[in-house]
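Structure file my_file-v8.txt with compact mmCIF, C-alpha atoms:
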```txt
# COMPACT_ATOMS: atom_id res chain seq x y z
CA MET K 1 151.83 167.68 23.94
CA ILE K 2 149.40 166.83 21.11
CA TRP K 3 146.48 167.98 23.33
CA PHE K 4 148.07 171.38 23.87
CA ALA K 5 148.34 171.69 20.07
CA ILE K 6 144.69 170.66 19.53
CA ILE K 7 143.41 173.13 22.14
CA GLY K 8 145.61 175.75 20.46
CA ILE K 9 144.01 175.14 17.05
CA VAL K 10 140.45 175.53 18.40
CA VAL K 11 141.22 178.61 20.52
CA GLY K 12 143.25 180.17 17.68
CA ALA K 13 140.40 179.85 15.17
CA LEU K 14 137.82 181.29 17.59
CA GLY K 15 140.16 184.03 18.83
CA SER K 16 141.07 185.52 15.48
CA MET K 17 137.45 185.38 14.26
CA LEU K 18 136.33 187.39 17.28
CA GLY K 19 139.26 189.80 17.46
CA ILE K 20 140.35 188.44 20.83
CA GLY K 21 143.67 186.78 21.63
CA GLY K 22 141.94 183.70 23.00
CA GLY K 23 143.57 183.89 26.44
CA VAL K 24 140.20 184.05 28.21
CA LEU K 25 139.45 180.58 26.82
CA LEU K 26 142.97 179.24 27.14
CA ILE K 27 143.70 180.01 30.81
CA PRO K 28 140.60 178.18 32.19
CA LEU K 29 141.29 175.26 29.80
CA LEU K 30 144.96 174.92 30.82
CA THR K 31 144.29 175.19 34.57
CA GLY K 32 141.01 173.22 34.49
CA ILE K 33 141.87 170.28 32.19
CA PHE K 34 145.63 169.96 32.70
CA GLY K 35 145.80 171.23 36.29
CA LEU K 36 148.62 173.63 35.44
CA PRO K 37 149.63 176.37 37.90
CA ILE K 38 147.94 179.68 37.02
CA LYS K 39 151.30 181.38 36.41
CA THR K 40 152.31 178.75 33.84
CA ALA K 41 148.90 179.16 32.17
CA ILE K 42 149.27 182.95 32.08
CA GLY K 43 152.82 182.67 30.67
CA ALA K 44 151.72 180.23 27.96
CA SER K 45 148.63 182.32 27.22
CA THR K 46 150.70 185.48 26.76
CA ILE K 47 152.89 183.68 24.19
CA CYS K 48 149.76 182.37 22.43
CA VAL K 49 148.20 185.84 22.41
CA ILE K 50 151.31 187.21 20.63
CA ALA K 51 151.19 184.31 18.14
CA SER K 52 147.49 184.58 17.30
CA SER K 53 147.50 188.37 17.13
CA THR K 54 150.61 188.50 14.92
CA ALA K 55 149.36 185.81 12.54
CA ALA K 56 145.90 187.35 12.19
CA SER K 57 147.34 190.90 11.89
CA SER K 58 149.58 189.86 9.04
CA VAL K 59 146.48 188.71 7.13
CA TYR K 60 144.38 191.78 8.07
CA VAL K 61 147.17 194.28 7.31
CA GLY K 62 147.81 192.58 3.96
CA LYS K 63 144.13 193.20 3.13
CA GLY K 64 144.36 196.81 4.38
CA LEU K 65 141.73 196.22 7.10
CA ALA K 66 143.81 197.33 10.11
CA HIS K 67 144.02 201.10 10.70
CA THR K 68 147.76 201.17 11.44
CA ARG K 69 147.98 204.85 12.47
CA LEU K 70 145.03 204.61 14.84
CA ALA K 71 146.59 201.41 16.24
CA MET K 72 149.87 203.25 16.86
CA VAL K 73 148.11 205.94 18.93
CA LEU K 74 146.07 203.39 20.90
CA GLU K 75 149.22 201.36 21.59
CA ILE K 76 150.53 204.16 23.83
CA ALA K 77 147.55 203.43 26.09
CA THR K 78 147.62 199.60 25.77
CA THR K 79 151.35 199.21 26.49
CA LEU K 80 151.17 201.71 29.36
CA GLY K 81 148.19 199.72 30.70
CA ALA K 82 150.09 196.44 30.34
CA LEU K 83 153.05 197.91 32.22
CA ALA K 84 150.81 199.20 35.04
CA GLY K 85 148.83 195.93 34.99
CA GLY K 86 151.96 193.85 35.40
CA ILE K 87 152.95 195.89 38.45
CA THR K 88 149.46 195.98 40.10
CA ALA K 89 148.91 192.24 39.43
CA VAL K 90 151.24 191.62 42.35
CA LEU K 91 149.17 193.88 44.64
CA LEU K 92 145.53 192.91 43.88
CA ALA K 93 143.76 189.73 45.05
CA PRO K 94 142.83 187.35 42.17
CA ARG K 95 139.18 187.17 43.35
CA LEU K 96 138.86 190.95 43.15
CA LEU K 97 140.31 190.85 39.64
CA SER K 98 137.82 188.16 38.57
CA ALA K 99 134.92 190.19 39.97
CA LEU K 100 136.05 193.38 38.18
CA PHE K 101 136.44 191.46 34.94
CA ALA K 102 132.96 189.93 35.27
CA VAL K 103 131.47 193.43 35.67
CA VAL K 104 133.23 194.67 32.51
CA LEU K 105 132.05 191.63 30.51
CA LEU K 106 128.43 191.89 31.68
CA TYR K 107 128.43 195.56 30.69
CA VAL K 108 129.77 194.71 27.22
CA PHE K 109 127.14 191.95 26.83
CA TYR K 110 124.41 194.42 27.82
CA THR K 111 125.52 197.06 25.28
CA PHE K 112 125.70 194.45 22.52
CA THR K 113 122.17 193.25 23.36
CA ARG K 114 120.75 196.77 23.30
CA ASN K 115 122.45 197.87 20.07
CA GLN K 116 121.97 194.57 18.31
CA ASN K 117 120.62 196.01 15.05
CA GLN K 118 122.11 199.44 15.35
CA GLU K 119 125.39 199.73 13.43
CA MET K 120 126.98 203.18 13.42
CA ASN K 121 127.26 204.51 9.89
CA PRO K 122 130.92 204.80 8.98
CA ALA K 123 131.70 208.36 7.88
CA PRO K 124 134.78 210.56 7.52
CA THR K 125 135.22 212.76 10.61
CA GLY K 126 138.42 214.61 9.69
CA LEU K 127 140.24 212.60 12.38
CA LEU K 128 142.46 209.82 10.96
CA ASP K 129 140.18 209.26 7.95
CA THR K 130 140.98 206.11 6.00
CA THR K 131 139.54 203.67 3.46
CA TYR K 132 139.36 199.90 3.14
CA ILE K 133 137.72 197.48 0.73
CA ASP K 134 135.13 195.29 2.47
CA PRO K 135 136.08 191.67 1.67
CA LEU K 136 132.41 190.59 1.63
CA SER K 137 130.70 193.32 -0.43
CA LYS K 138 133.88 194.45 -2.29
CA LYS K 139 132.73 198.02 -1.58
CA SER K 140 135.12 200.75 -0.51
CA VAL K 141 134.39 202.01 3.04
CA HIS K 142 135.62 205.51 3.92
CA TYR K 143 135.55 206.33 7.63
CA GLY K 144 137.09 208.45 10.37
CA VAL K 145 137.48 208.22 14.13
CA LYS K 146 135.18 209.66 16.83
CA ASN K 147 135.66 209.96 20.61
CA MET K 148 139.41 209.35 20.64
CA ARG K 149 139.55 210.09 24.39
CA ALA K 150 137.12 207.26 25.22
CA GLY K 151 139.12 205.00 22.94
CA MET K 152 142.36 205.80 24.75
CA ALA K 153 140.71 205.11 28.14
CA ALA K 154 139.31 201.77 26.90
CA SER K 155 142.70 200.86 25.45
CA PHE K 156 144.43 201.60 28.76
CA LEU K 157 141.88 199.38 30.54
CA ALA K 158 142.32 196.65 27.90
CA GLY K 159 146.11 196.78 28.24
CA ASN K 160 145.75 196.72 32.00
CA VAL K 161 143.57 193.59 31.96
CA ALA K 162 146.01 192.04 29.46
CA GLY K 163 148.93 192.68 31.79
CA LEU K 164 147.03 191.38 34.82
CA LEU K 165 145.55 188.17 33.39
CA GLY K 166 147.62 187.25 30.34
CA ILE K 167 144.77 187.80 27.88
CA GLY K 168 144.65 189.90 24.70
CA GLY K 169 142.15 192.59 25.71
CA GLY K 170 140.28 192.75 22.38
CA ILE K 171 137.17 191.90 24.37
CA VAL K 172 137.28 195.44 25.82
CA LYS K 173 138.60 197.31 22.76
CA VAL K 174 136.47 195.89 19.91
CA PRO K 175 133.04 196.92 21.30
CA VAL K 176 134.30 200.39 22.30
CA MET K 177 135.85 200.93 18.86
CA ALA K 178 132.73 199.68 17.06
CA MET K 179 130.10 201.44 19.18
CA ILE K 180 131.75 204.58 20.58
CA MET K 181 134.53 205.40 18.13
CA ALA K 182 132.29 204.70 15.07
CA ILE K 183 134.81 202.34 13.50
CA PRO K 184 133.26 199.68 11.21
CA MET K 185 133.20 196.28 12.99
CA ARG K 186 135.59 194.63 10.53
CA ALA K 187 138.18 197.42 10.86
CA ALA K 188 137.70 197.43 14.66
CA VAL K 189 138.47 193.69 14.90
CA ALA K 190 141.52 194.05 12.63
CA THR K 191 142.88 197.16 14.39
CA SER K 192 142.34 195.68 17.88
CA ASN K 193 144.13 192.50 16.80
CA PHE K 194 146.99 194.64 15.50
CA THR K 195 147.54 196.43 18.85
CA ILE K 196 147.44 193.19 20.89
CA GLY K 197 150.82 191.89 19.66
CA ILE K 198 152.96 194.68 21.11
CA THR K 199 150.81 194.77 24.28
CA ALA K 200 151.34 191.04 24.94
CA ALA K 201 155.03 191.31 24.01
CA THR K 202 155.38 193.87 26.83
CA SER K 203 154.07 191.39 29.43
CA GLY K 204 155.70 188.42 27.62
CA ILE K 205 159.12 189.92 28.40
CA ILE K 206 158.19 190.07 32.09
CA HIS K 207 157.01 186.41 32.11
CA TYR K 208 160.18 185.33 30.28
CA GLN K 209 162.37 187.10 32.83
CA ASN K 210 160.43 185.59 35.76
CA GLY K 211 160.53 181.99 34.47
CA ASN K 212 156.75 181.70 33.96
CA ILE K 213 157.07 180.27 30.44
CA ASP K 214 157.19 176.46 30.23
CA PRO K 215 158.30 175.75 26.63
CA MET K 216 156.67 172.29 26.55
CA VAL K 217 153.29 173.96 27.25
CA ALA K 218 153.69 177.32 25.50
CA VAL K 219 155.30 176.05 22.26
CA PRO K 220 152.83 173.28 21.22
CA THR K 221 149.87 175.50 22.20
CA ALA K 222 151.29 178.48 20.28
CA LEU K 223 151.95 176.36 17.17
CA GLY K 224 148.35 175.09 17.38
CA ILE K 225 147.16 178.70 17.75
CA LEU K 226 149.07 179.70 14.59
CA VAL K 227 147.31 177.01 12.56
CA GLY K 228 143.94 177.92 14.09
CA ALA K 229 144.42 181.67 13.57
CA GLN K 230 145.08 181.19 9.85
CA ILE K 231 141.81 179.25 9.56
CA GLY K 232 139.88 181.70 11.75
CA SER K 233 140.97 184.97 10.14
CA ARG K 234 140.02 183.64 6.69
CA LEU K 235 136.64 182.42 7.97
CA GLY K 236 136.19 185.66 9.93
CA SER K 237 136.46 188.00 6.97
CA ARG K 238 133.83 185.94 5.12
CA LEU K 239 131.27 185.96 7.94
CA PRO K 240 128.80 188.89 7.84
CA GLY K 241 129.42 191.60 10.50
CA GLN K 242 126.07 190.96 12.25
CA ARG K 243 126.75 187.26 12.64
CA LEU K 244 130.21 188.03 14.00
CA ARG K 245 128.65 190.34 16.61
CA GLN K 246 126.10 187.67 17.60
CA ILE K 247 128.83 185.09 18.23
CA PHE K 248 130.91 187.68 20.07
CA ARG K 249 127.97 188.58 22.36
CA TRP K 250 127.30 185.01 23.51
CA VAL K 251 130.98 184.25 24.01
CA ILE K 252 131.12 187.32 26.25
CA LEU K 253 128.20 186.04 28.39
CA ILE K 254 129.89 182.66 28.86
CA PHE K 255 133.11 184.41 29.94
CA ALA K 256 131.17 186.62 32.37
CA ILE K 257 129.49 183.62 34.05
CA GLN K 258 132.87 181.93 34.28
CA MET K 259 134.40 185.04 35.90
CA VAL K 260 131.54 185.31 38.43
CA VAL K 261 132.10 181.64 39.40
CA LYS K 262 135.83 182.33 39.76
CA ALA K 263 135.19 185.39 41.94
CA VAL K 264 132.75 183.52 44.23
CA THR K 265 134.65 180.23 44.59
CA GLY K 266 138.10 181.90 44.63
CA MET U 1 143.91 214.82 -5.72
CA SER U 2 147.42 213.70 -6.67
CA ASP U 3 148.55 214.40 -3.09
CA GLN U 4 145.80 212.18 -1.73
CA SER U 5 146.68 209.27 -4.05
CA THR U 6 150.40 209.61 -3.18
CA ILE U 7 149.56 209.34 0.52
CA GLU U 8 147.32 206.31 -0.08
CA ALA U 9 149.99 204.57 -2.18
CA ARG U 10 152.52 205.23 0.59
CA THR U 11 150.16 203.87 3.26
CA ARG U 12 149.66 200.80 1.08
CA ARG U 13 153.43 200.24 0.78
CA PHE U 14 153.84 200.73 4.53
CA GLN U 15 151.11 198.15 5.25
CA ASN U 16 152.69 195.68 2.81
CA GLY U 17 156.04 196.08 4.58
CA ILE U 18 154.39 195.34 7.96
CA HIS U 19 152.60 192.34 6.40
CA TYR U 20 155.91 190.80 5.29
CA LEU U 21 157.68 191.54 8.58
CA LEU U 22 154.89 189.89 10.63
CA THR U 23 154.66 186.92 8.24
CA TRP U 24 158.43 186.25 8.31
CA GLY U 25 158.57 186.70 12.09
CA ILE U 26 155.89 184.04 12.47
CA ILE U 27 157.55 181.70 9.93
CA ALA U 28 161.01 182.03 11.54
CA SER U 29 159.73 181.50 15.10
CA SER U 30 157.58 178.53 13.97
CA ILE U 31 160.59 176.86 12.32
CA PHE U 32 162.71 177.27 15.50
CA MET U 33 159.85 175.96 17.70
CA VAL U 34 159.13 172.94 15.44
CA VAL U 35 162.87 172.06 15.34
CA GLY U 36 162.98 172.32 19.16
CA LEU U 37 159.95 170.04 19.58
CA LEU U 38 161.27 167.51 17.03
CA LEU U 39 164.67 167.38 18.77
CA GLU U 40 162.89 166.70 22.07
CA LEU U 41 160.66 164.00 20.48
CA VAL U 42 163.55 162.24 18.71
CA ASN U 43 165.90 162.32 21.68
CA PRO U 44 164.10 163.18 24.94
CA GLY U 45 166.50 164.40 27.65
CA SER U 46 166.31 163.20 31.24
CA ASN U 47 164.75 166.57 32.19
CA PRO U 48 162.03 168.38 30.22
CA PRO U 49 163.47 171.38 28.31
CA VAL U 50 163.27 174.79 30.00
CA VAL U 51 163.58 178.33 28.72
CA ASN U 52 167.22 179.44 28.46
CA THR U 53 168.78 182.59 29.79
CA LEU U 54 170.38 184.66 27.05
CA ASP U 55 173.97 183.53 27.81
CA GLN U 56 172.97 179.82 27.60
CA LEU U 57 171.19 180.31 24.29
CA LEU U 58 174.12 180.14 21.86
CA PRO U 59 175.90 177.11 23.46
CA ASP U 60 172.58 175.17 23.49
CA LEU U 61 171.91 176.06 19.85
CA LEU U 62 175.39 174.91 18.80
CA ALA U 63 174.89 171.65 20.73
CA TRP U 64 171.46 171.14 19.03
CA GLN U 65 169.69 171.09 22.42
CA PRO U 66 165.85 171.32 22.25
CA SER U 67 165.74 174.12 24.86
CA GLY U 68 167.99 176.31 22.69
CA PHE U 69 165.63 176.13 19.69
CA LEU U 70 162.48 176.42 21.82
CA THR U 71 163.88 179.55 23.50
CA LEU U 72 164.99 181.05 20.18
CA GLY U 73 161.49 180.44 18.78
CA LEU U 74 159.82 182.08 21.79
CA LEU U 75 162.18 185.08 21.72
CA THR U 76 161.68 185.52 17.95
CA LEU U 77 157.92 185.52 18.52
CA ILE U 78 158.13 188.14 21.32
CA ALA U 79 160.52 190.26 19.21
CA THR U 80 158.27 190.29 16.10
CA PRO U 81 155.73 192.93 17.27
CA ILE U 82 158.56 194.97 18.81
CA LEU U 83 160.41 194.93 15.46
CA ARG U 84 157.16 195.96 13.77
CA VAL U 85 156.95 199.06 16.01
CA PHE U 86 160.65 199.79 15.43
CA GLY U 87 160.15 199.47 11.66
CA SER U 88 157.20 201.89 11.85
CA LEU U 89 159.44 204.37 13.68
CA LEU U 90 161.97 204.26 10.82
CA VAL U 91 159.21 204.74 8.22
CA PHE U 92 157.73 207.75 10.05
CA LEU U 93 161.22 209.23 10.45
CA ALA U 94 161.94 208.79 6.72
CA GLU U 95 158.61 210.45 5.91
CA ARG U 96 159.43 213.31 8.30
CA ASP U 97 156.10 212.64 9.99
CA TRP U 98 157.22 214.00 13.36
CA ARG U 99 153.90 213.49 15.12
CA TYR U 100 153.85 209.73 14.43
CA THR U 101 157.60 209.45 15.02
CA LEU U 102 156.89 210.75 18.54
CA VAL U 103 153.86 208.46 19.02
CA THR U 104 155.92 205.41 17.98
CA ALA U 105 158.92 206.43 20.09
CA ILE U 106 156.68 206.70 23.19
CA VAL U 107 155.41 203.12 22.59
CA LEU U 108 159.02 201.85 22.32
CA VAL U 109 160.02 203.66 25.52
CA ILE U 110 157.11 201.97 27.37
CA VAL U 111 158.14 198.53 26.03
CA PHE U 112 161.75 199.05 27.14
CA ALA U 113 160.55 200.30 30.53
CA SER U 114 158.85 196.90 31.01
CA ILE U 115 162.16 195.17 30.23
CA LEU U 116 163.75 197.19 33.04
CA PHE U 117 160.86 196.70 35.51
CA GLY U 118 160.34 193.03 34.64
```
Could you rewrite the structure in this file as structure tokens?
Amino acid sequence: MIWFAIIGIVVGALGSMLGIGGGVLLIPLLTGIFGLPIKTAIGASTICVIASSTAASSVYVGKGLAHTRLAMVLEIATTLGALAGGITAVLLAPRLLSALFAVVLLYVFYTFTRNQNQEMNPAPTGLLDTTYIDPLSKKSVHYGVKNMRAGMAASFLAGNVAGLLGIGGGIVKVPVMAMIMAIPMRAAVATSNFTIGITAATSGIIHYQNGNIDPMVAVPTALGILVGAQIGSRLGSRLPGQRLRQIFRWVILIFAIQMVVKAVTG
Amino acid sequence: MSDQSTIEARTRRFQNGIHYLLTWGIIASSIFMVVGLLLELVNPGSNPPVVNTLDQLLPDLLAWQPSGFLTLGLLTLIATPILRVFGSLLVFLAERDWRYTLVTAIVLVIVFASILFG
């Protein structure tokens, strides 16, 4: 039980710093180290994703970093994706899912490598314009949203992957929001985190009803995640945006390699 | 200008409300989960605790069974983001912001659809 809590603390800190729920780390750890059935790992991960996203969101929203109206619009796509993902999870082979996921991750890694030093300048666009105070520079950042259609598509995909695999989906949303929708990285991480709670709650209900949640796994891990997320979201808003992107990029490559291995070995 | 600052103050209040809702949801579910784990540690049952169905929840809570508190903690956690969306719906309704009332209502319909399909 204590080991579930310790793994939760580590994953929670990393997850909230990167704007991901941490499920992509948690599921391989739970199945690999503890030999848990994949369904139990996915059930526990979904609970942990809700916990880490809610805890980090409460901090980000308190600081005014999350764009709550944009999040609301994107949540139509993420929850619809999670609903569809839950249903198609039954139909698709796990190896096919791993392979698809690896492709998505490698693409994200590639785009982050190419645009390494190229931040989009935040600017008002007339679409959902808003302002936040950057916690690092204490400057006020005024920005709007671009390419809402691409954002909705990415959010549907993110929700879909979340429903299929029991992960948060920030790994898909954050880069699209930062690089295509012209949302400042810090606001993108906070807004993505904000949408993940309701998305994971949608699939959490399904896991609860199907008996996939083992409380002696999910509860200690989730409590660990809560402690870790508090640490991580405070560290995360102090780290410079570039450094955050660098960490994010390498974590994505590790996940991609892991997904390729999963797809090949089954 | 005064219109703009009114809107920003309102957004600020709205975000503060969400902040408190999420914080208290997390605190309440953590308390239930910690109580459940402590009960199991102090007096381990012959079988490991499992998640309750809704009709078993209240009897288990009244009997101070670990599974009752663990389940209540998990359900509180799942309910927190759903309550957040529901709270947003009420705020948008009160503000007569019909566009965002509709957006929020659609999200709630999708969540309840997953309850039915799950």
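Contact shell of Val49 in chain K at 6 Å (all atoms listed in the file; same-chain neighbours under 3 positions omitted): Gly21, Ser45, Thr46, Ser52, Ser53 and Gly168 of chain K.
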Quick one: distance from CA of Ser203 in chain K to CA of Gly85 in chain K in Å, one decimal?
8.9 Å
Spatial neighbours of Leu25 in chain K, max dist 9 Å, all atoms listed in the file, sep filter under 5 positions, as a VMD selection string:
chain K and resid 11 15 30 255
Test item: chain U residues at most 7 Å from chain K, counting all atoms listed in the file, as JSON, numbers by chain
{"U": [15, 16, 19, 22, 23, 26, 30, 33, 49, 50, 51, 70, 77, 78, 81, 82, 103, 104, 106, 107, 110, 111, 114, 115, 118]}
Just the selected residues (C-alpha atoms), exported as a JSON list (two decimals), keeping the file's coordinate frame, please.
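Written out: selection_35.json:
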```
[["chain", "number", "residue", "atom", "x", "y", "z"],
["U", 15, "GLN", "CA", 151.11, 198.15, 5.25],
["U", 16, "ASN", "CA", 152.69, 195.68, 2.81],
["U", 19, "HIS", "CA", 152.60, 192.34, 6.40],
["U", 22, "LEU", "CA", 154.89, 189.89, 10.63],
["U", 23, "THR", "CA", 154.66, 186.92, 8.24],
["U", 26, "ILE", "CA", 155.89, 184.04, 12.47],
["U", 30, "SER", "CA", 157.58, 178.53, 13.97],
["U", 33, "MET", "CA", 159.85, 175.96, 17.70],
["U", 49, "PRO", "CA", 163.47, 171.38, 28.31],
["U", 50, "VAL", "CA", 163.27, 174.79, 30.00],
["U", 51, "VAL", "CA", 163.58, 178.33, 28.72],
["U", 70, "LEU", "CA", 162.48, 176.42, 21.82],
["U", 77, "LEU", "CA", 157.92, 185.52, 18.52],
["U", 78, "ILE", "CA", 158.13, 188.14, 21.32],
["U", 81, "PRO", "CA", 155.73, 192.93, 17.27],
["U", 82, "ILE", "CA", 158.56, 194.97, 18.81],
["U", 103, "VAL", "CA", 153.86, 208.46, 19.02],
["U", 104, "THR", "CA", 155.92, 205.41, 17.98],
["U", 106, "ILE", "CA", 156.68, 206.70, 23.19],
["U", 107, "VAL", "CA", 155.41, 203.12, 22.59],
["U", 110, "ILE", "CA", 157.11, 201.97, 27.37],
["U", 111, "VAL", "CA", 158.14, 198.53, 26.03],
["U", 114, "SER", "CA", 158.85, 196.90, 31.01],
["U", 115, "ILE", "CA", 162.16, 195.17, 30.23],
["U", 118, "GLY", "CA", 160.34, 193.03, 34.64]]
```
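Our summary of the geometry notes that CA of Val174 in chain K is positioned 9.5 Å from CA of Arg186 in chain K.
Shortest atom-to-atom contact with Pro175 in chain K among K:His142, K:Gly126, K:Tyr110, K:Asn160: K:Tyr110, counting only C-alpha atoms.
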Coordinates of box centre and edge lengths for range 90-101 of chain U, 6 Å on every side, axis-aligned, as AutoDock Vina command-line options:
```
--center_x 157.9 --center_y 209.1 --center_z 10.5 --size_x 20.1 --size_y 21.7 --size_z 21.2
```
What lies within 10 Å of Leu36 in chain K using all atoms listed in the file, ignoring chain neighbours under 6 positions off, as a VMD selection string?
chain K and resid 27 to 30 42 217
